[in-house]
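All remarks here apply to the structure that follows.
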Amino acid sequence: MVKELVHDPILLGIPSIPATEADLQTARDLLDTLTAHRESCVGMAANMIGIRKRIIVFDSEGVYVTMFNPEIMKASGEYDTQEGCLSLLGGPRPCRRFQTIKVRWQNEQFQTRIKTFSGWTAQIIQHEIDHCNGIRI
């Protein structure tokens, strides 16, 4: 189900708690909401729909990916960029990202996965993990 977006910076600034198998519906709602905003958004975190759980969804080269409890294990190739966000008013803001990241997360079956991402996909993941950590750009 498509959910309303949260714009309250105080709520968005609170770190999320770990997701469990009981949060599978939240992940589906998050994916539905991202799909509804696909023209203007490439990734979302659960706190953007008012659920403080560590769940992110994003477009990875045309395929939607869901991650439960993602964490960056390693990062390299630091660079400065600008990003926008559906949950924040105003235009793009400056931020610092890494070209390559190694991420550990759980899939929909709550199996642990580890993969290295680079480029645009890595940037999206970093932005959404920041949301999970209560960090706003």
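Ordering of the structure tokens sets the chain letters (A, B, ...), residue numbers begin anew at 1 in every chain, and ligands are numbered from 1 in the order given.
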Worksheet item: If you run DSSP on the backbone, which residues of chain A are strand (DSSP E or B), as number ranges by chain?
Response: A: 17, 43-45, 53, 55-60, 63-83, 93-106, 112-118
Discussion item. Which residues are near Trp120 in chain A? Cut-off 12 Å, only C-alpha atoms, ignore same chain within fewer than 4 positions. Put them as number ranges by chain.
Written reply: A: 42-43, 58-61, 81, 83, 97-101, 124-127
Worksheet entry | Pick from A:Val2, A:Leu34, A:Ala122, A:Met48, whichever lies nearest to Gly77 in chain A using only C-alpha atoms |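 Using only C-alpha atoms, Gly77 in chain A sits closest to A:Ala122.
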Worksheet entry | Nearest residue to Cys132 in chain A from the set A:Leu24, A:Ile55, A:Ala19, A:Leu11 (distances using only C-alpha atoms) |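 Nearest to Cys132 in chain A: A:Ile55.
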Practice prompt. Tell me which protein, DNA and RNA residues are within 10 Å of Asp130 in chain A, counting only C-alpha atoms, leaving out same-chain ones fewer than 6 positions away, and put them as a ChimeraX atom specification.
Written response: /A:13,15,45,71,124,136-137
